[in-house]
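Following: one structure in structure tokens, then a few remarks.
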Amino acid sequence: MRNNRIGIKLGSVIITVFLIVLLFLGFAIDKMFTNFYTAEMRKETEEIASHFTVMANATDVTSEQTMMTFAEFSNVSIFNILDNGTVNLHSGVHDSADRSFIRSSDLDKIFGGKIVSLMYKDPEGHRYFVSGQPVTKGGVITSALYVMASTEQMEQSLSGVRNLLVLSGMGAFLLAMGITWIIAQVLSRPLLQMQKATRKIAVGELETRLEITSRDELGSLAEAINDLAADLQHYRDSRQELFSNISHDLRTPITYLEGYSRVVKDHLYETEEEKDRYLDIIYQEAVRLQHLVDDVFDLAKMEEGKISLLEEELNLSDLTEQAVQKVKLKAKEKGLALSFESSGPVTLVRGDGKRMEQIVLNLLENAIRYTEKGSIQAGLQYAGSSVILSVEDTGIGIPEEDLPYIFERFYRVEKSRARQFGGTGLGLSIVKKLAELQGGKIKVTSRLGGGTRFEVYFQRQPDPGGHSK
């Protein structure tokens, strides 16, 4: 328990709550028994006083002796007080000289025909129930009869009940402590496991996983921690691969630039044609390097939400046709058939024209890059409330297990062959980000060796009447 602070706190809270409930329950039970015994003794004392009053009302001589005998038998004390305050009769163990319980206000009530009940404590500390009732003869109240019953037996009974309550409470408290310790251990164990796991994750041990399968909030929290660790691990691996890919993709053009520029600088060429060829390589690698840097910065801006869009109403059919014309020469150089078709009534969409063209160009260039023979089909379908931009090729295709990751930065399906196709490895990531920034979404279907189809969905621009144009 030394290191289990959460268990100590949890146990302390449970024990404190249980102790408060136990004390209130004990107090309530004690109060209930006290009130019960008090009410019963008061009722008994008043009944005895009523019997003595009936006896006192009798006119025969033996009634007085009978009262005294009954008082001794009932273990009570009686006082018969005349209207002038004189004690006419006394019987019982109580000292006849002690009359402090007799108050003038009570006598006035009794001689007024009322019954008086009170609790009295004598100078020695003994407690009594006192009941005073009027004694009548011939319809006239002649005296007041006081009956005093000791509460000693009642207090002994209450003391026994209180002892039983204390012993029961102590037993319940000890039992509760044991149960609470077990509960605190059971409930805090998953939290301690989560604490250790999160500390390991914080220091970089991202392979850490929790084995908590309970179907409650703790199980949901453990599952969330596992998901977080998996995401962080994937992010770390992606970041390492990102740095590796950036360094490689930067190193390759820089090596070409350095090598061929030195050849030109040191005049290590034989003809002007060879020199021009080296200069052309330097230019192409510089352009490639510029594209890589631009793509990295664009993607960083999009992920940080710092890219600004100039939204306007666009005709995607015209925009896509223009993009097809721009890449037609690249497709022709590889012997690929490139076509564009549009179906449905042409309607406008809202977006940034430059960024929308970038989406189409990236998809088309990606298709040309990974298609060695066959055709590439670009299309627009106006259906319902959406416009679907599609680019389909007959290229090398993508394995099913790689499909969920192709939109990640620098992700390469075949890492050993991927760089031979060129490109920065960021095109599809940029397409996905740009589509999402403009309210669109992208889907991909592919079959290894059977080509790939990308579909980008955009919302059609509604007309003033609330329908799509």
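Identifiers in the structure tokens: chain A, B, ... in order shown; residue index from 1 per chain; ligand index from 1 in order shown.
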Please identify all polymer residues within 12 Å of Val186 in chain A, counting only C-alpha atoms, omitting same-chain residues fewer than 5 positions from it, and present them as a PyMOL selection string. chain A and resi 4+6-7+10-11+179-181+191-193+218
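Here the DSSP assignment of strand (DSSP E), based on backbone atoms, applies within range 109-229 of chain A to Val116, Ser117, Leu118, Met119, Tyr120, Lys121, Arg127, Tyr128, Phe129, Val130, Ser131, Gly132, Gln133, Pro134, Val135, Thr136, Lys137, Val140, Ile141, Thr142, Ser143, Ala144, Leu145, Tyr146, Val147, Met148, Ala149 and Ser150 of chain A.
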For Lys275 in chain A, which residue out of A:Leu118, A:Val263, A:Val93, A:Leu364 is the nearest one, using only C-alpha atoms? A:Val263
List every residue of range 85-211 of chain A that DSSP, applied to the backbone, labels as helix (DSSP H, G or I), and write the result as an MDAnalysis selection string. chainID A and resid 104:111 152:202
Between CA of Gly384 in chain A and CA of Phe454 in chain A, what distance in Å does the model show, to one decimal? 19.4 Å
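Proximity to Tyr128 in chain A was assessed for A:Ile14, A:Ala149, A:Ala202, A:Val140 counting only C-alpha atoms; the smallest distance is recorded for A:Ala149.
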Gly132 in chain A: which residues within 6 Å, counting only C-alpha atoms, same-chain residues fewer than 2 positions away excluded, as an NGL selection string? :A and (115-116 or 145-146)
Selection file, C-alpha atoms, as a compact mmCIF listing (two decimals), in the first residue's frame:
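The result, stored in result_23.txt:
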```txt
# COMPACT_ATOMS: atom_id res chain seq x y z
CA ILE A 115 -52.27 14.99 35.03
CA VAL A 116 -48.58 15.95 35.32
CA LEU A 145 -50.91 11.75 44.36
CA TYR A 146 -47.30 11.55 43.08
```
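Our summary of the geometry notes that CA of Leu289 in chain A is positioned 12.9 Å from CA of Leu426 in chain A.
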Ile110 in chain A: which residues within 12 Å, counting only C-alpha atoms, same-chain residues fewer than 4 positions away excluded, as a PDB file with C-alpha atoms, in the first residue's frame?
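What landed in result_21.pdb:
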```
ATOM      1  CA  ASN A  80     -50.022  12.026  48.798  1.00  0.00           C
ATOM      2  CA  ILE A  81     -49.994  15.830  49.033  1.00  0.00           C
ATOM      3  CA  LEU A  82     -52.846  17.885  50.460  1.00  0.00           C
ATOM      4  CA  ASP A  83     -53.838  21.206  48.968  1.00  0.00           C
ATOM      5  CA  ILE A 102     -43.045  18.942  43.962  1.00  0.00           C
ATOM      6  CA  ARG A 103     -43.502  22.308  42.271  1.00  0.00           C
ATOM      7  CA  SER A 104     -46.280  24.720  42.997  1.00  0.00           C
ATOM      8  CA  SER A 105     -47.085  25.102  39.308  1.00  0.00           C
ATOM      9  CA  ASP A 106     -47.547  21.341  39.000  1.00  0.00           C
ATOM     10  CA  LYS A 114     -54.880  17.758  35.081  1.00  0.00           C
ATOM     11  CA  ILE A 115     -52.268  14.995  35.033  1.00  0.00           C
ATOM     12  CA  VAL A 116     -48.575  15.950  35.322  1.00  0.00           C
ATOM     13  CA  SER A 117     -45.612  13.878  34.056  1.00  0.00           C
ATOM     14  CA  SER A 131     -46.551  11.140  37.496  1.00  0.00           C
ATOM     15  CA  GLY A 132     -48.909  13.371  39.454  1.00  0.00           C
ATOM     16  CA  GLN A 133     -52.664  12.856  39.388  1.00  0.00           C
ATOM     17  CA  PRO A 134     -55.584  14.343  41.345  1.00  0.00           C
ATOM     18  CA  VAL A 135     -57.406  12.347  44.082  1.00  0.00           C
ATOM     19  CA  THR A 136     -61.121  13.087  44.294  1.00  0.00           C
ATOM     20  CA  ILE A 141     -60.214  17.123  44.461  1.00  0.00           C
ATOM     21  CA  THR A 142     -58.851  16.598  47.943  1.00  0.00           C
ATOM     22  CA  SER A 143     -55.184  15.808  47.299  1.00  0.00           C
ATOM     23  CA  ALA A 144     -52.466  15.198  44.719  1.00  0.00           C
ATOM     24  CA  LEU A 145     -50.915  11.746  44.358  1.00  0.00           C
ATOM     25  CA  TYR A 146     -47.303  11.552  43.080  1.00  0.00           C
TER      26      TYR A 146
END
```
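Within the 8 Å cut-off around Gly439 in chain A, using only C-alpha atoms and omitting residues fewer than 4 positions from it on the same chain, the listed residues are Ala435, Phe458 and Gln459 of chain A.
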May I have the residues from that selection written out with C-alpha atoms, as an mmCIF file, in the first residue's frame?
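Wrote result-v9.cif, looks like this:
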```cif
data_model
loop_
_atom_site.group_PDB
_atom_site.id
_atom_site.type_symbol
_atom_site.label_atom_id
_atom_site.label_comp_id
_atom_site.auth_asym_id
_atom_site.auth_seq_id
_atom_site.Cartn_x
_atom_site.Cartn_y
_atom_site.Cartn_z
ATOM 1 C CA ALA A 435 -9.784 17.858 -51.056
ATOM 2 C CA PHE A 458 -17.339 17.449 -54.036
ATOM 3 C CA GLN A 459 -20.651 19.088 -53.207
#
```
Could you give me, as a short mmCIF file (atom, residue, chain, number, x, y, z; two decimals) with N, CA and C atoms, in the first residue's frame, the residues within 10 Å of Thr208 in chain A, counting only C-alpha atoms and dropping anything in the same chain fewer than 3 positions from it?
```cif
data_model
loop_
_atom_site.label_atom_id
_atom_site.label_comp_id
_atom_site.auth_asym_id
_atom_site.auth_seq_id
_atom_site.Cartn_x
_atom_site.Cartn_y
_atom_site.Cartn_z
N LYS A 196 1.79 3.18 -14.90
CA LYS A 196 3.08 2.64 -15.34
C LYS A 196 3.19 2.64 -16.86
N ALA A 197 2.07 2.27 -17.52
CA ALA A 197 2.10 2.22 -18.98
C ALA A 197 2.31 3.61 -19.58
N THR A 198 1.60 4.61 -19.05
CA THR A 198 1.74 5.97 -19.60
C THR A 198 3.14 6.53 -19.35
N ARG A 199 3.73 6.16 -18.21
CA ARG A 199 5.11 6.62 -17.96
C ARG A 199 6.08 5.99 -18.96
N LYS A 200 5.86 4.71 -19.27
CA LYS A 200 6.71 4.06 -20.27
C LYS A 200 6.51 4.70 -21.64
N ILE A 201 5.25 5.00 -21.97
CA ILE A 201 4.98 5.64 -23.26
C ILE A 201 5.62 7.02 -23.31
N GLY A 204 9.18 6.95 -24.28
CA GLY A 204 9.48 6.45 -25.62
C GLY A 204 9.25 4.97 -25.84
N GLU A 205 8.79 4.24 -24.80
CA GLU A 205 8.52 2.81 -24.99
C GLU A 205 7.11 2.66 -25.57
N GLU A 211 -3.30 -4.74 -20.84
CA GLU A 211 -4.14 -5.93 -21.01
C GLU A 211 -5.32 -5.85 -20.04
N ILE A 225 -5.78 4.39 -24.22
CA ILE A 225 -4.33 4.49 -24.03
C ILE A 225 -3.60 3.61 -25.03
N ASN A 226 -4.13 2.39 -25.26
CA ASN A 226 -3.53 1.51 -26.26
C ASN A 226 -3.58 2.12 -27.65
N ALA A 229 -1.02 4.86 -27.81
CA ALA A 229 0.34 4.32 -27.96
C ALA A 229 0.57 3.84 -29.39
N ALA A 230 -0.45 3.18 -29.97
CA ALA A 230 -0.32 2.71 -31.35
C ALA A 230 -0.19 3.88 -32.32
N GLN A 233 3.23 5.36 -31.87
CA GLN A 233 4.24 4.48 -32.48
C GLN A 233 4.23 4.62 -34.00
#
```
Do a neighbour search on range 352-363 of chain A at 8 Å with only C-alpha atoms, toss out local chain neighbours closer than 5 positions, and write the hits as a PyMOL selection string. chain A and resi 309-312+314+319-320+323-324+327+391+427-428+430-431+434-435+438+454
For the selection you just gave me, I'd like the residues written to a file as a PDB file, in the first residue's frame, keeping C-alpha atoms.
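For reference, result04.pdb as written:
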```
ATOM      1  CA  LEU A 309      -8.121  29.384 -50.207  1.00  0.00           C
ATOM      2  CA  LEU A 310      -9.595  31.808 -52.714  1.00  0.00           C
ATOM      3  CA  GLU A 311     -13.016  30.257 -53.125  1.00  0.00           C
ATOM      4  CA  GLU A 312     -15.107  30.851 -56.229  1.00  0.00           C
ATOM      5  CA  LEU A 314     -15.804  26.620 -60.641  1.00  0.00           C
ATOM      6  CA  LEU A 319     -10.756  22.813 -65.331  1.00  0.00           C
ATOM      7  CA  THR A 320     -10.273  19.036 -65.709  1.00  0.00           C
ATOM      8  CA  ALA A 323      -5.396  19.733 -66.821  1.00  0.00           C
ATOM      9  CA  VAL A 324      -5.672  16.770 -69.191  1.00  0.00           C
ATOM     10  CA  VAL A 327      -0.193  16.327 -69.136  1.00  0.00           C
ATOM     11  CA  VAL A 391      -8.886   9.172 -62.506  1.00  0.00           C
ATOM     12  CA  GLY A 427       1.427  14.077 -54.257  1.00  0.00           C
ATOM     13  CA  LEU A 428      -1.368  11.936 -52.825  1.00  0.00           C
ATOM     14  CA  ILE A 430      -1.425  16.909 -50.895  1.00  0.00           C
ATOM     15  CA  VAL A 431      -4.453  15.710 -52.897  1.00  0.00           C
ATOM     16  CA  LEU A 434      -6.605  19.884 -50.520  1.00  0.00           C
ATOM     17  CA  ALA A 435      -9.784  17.858 -51.056  1.00  0.00           C
ATOM     18  CA  GLN A 438     -12.496  22.243 -49.851  1.00  0.00           C
ATOM     19  CA  PHE A 454      -9.185   7.447 -57.503  1.00  0.00           C
TER      20      PHE A 454
END
```
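The spacing separating CA of Glu44 in chain A from CA of Glu155 in chain A amounts to 15.5 Å.
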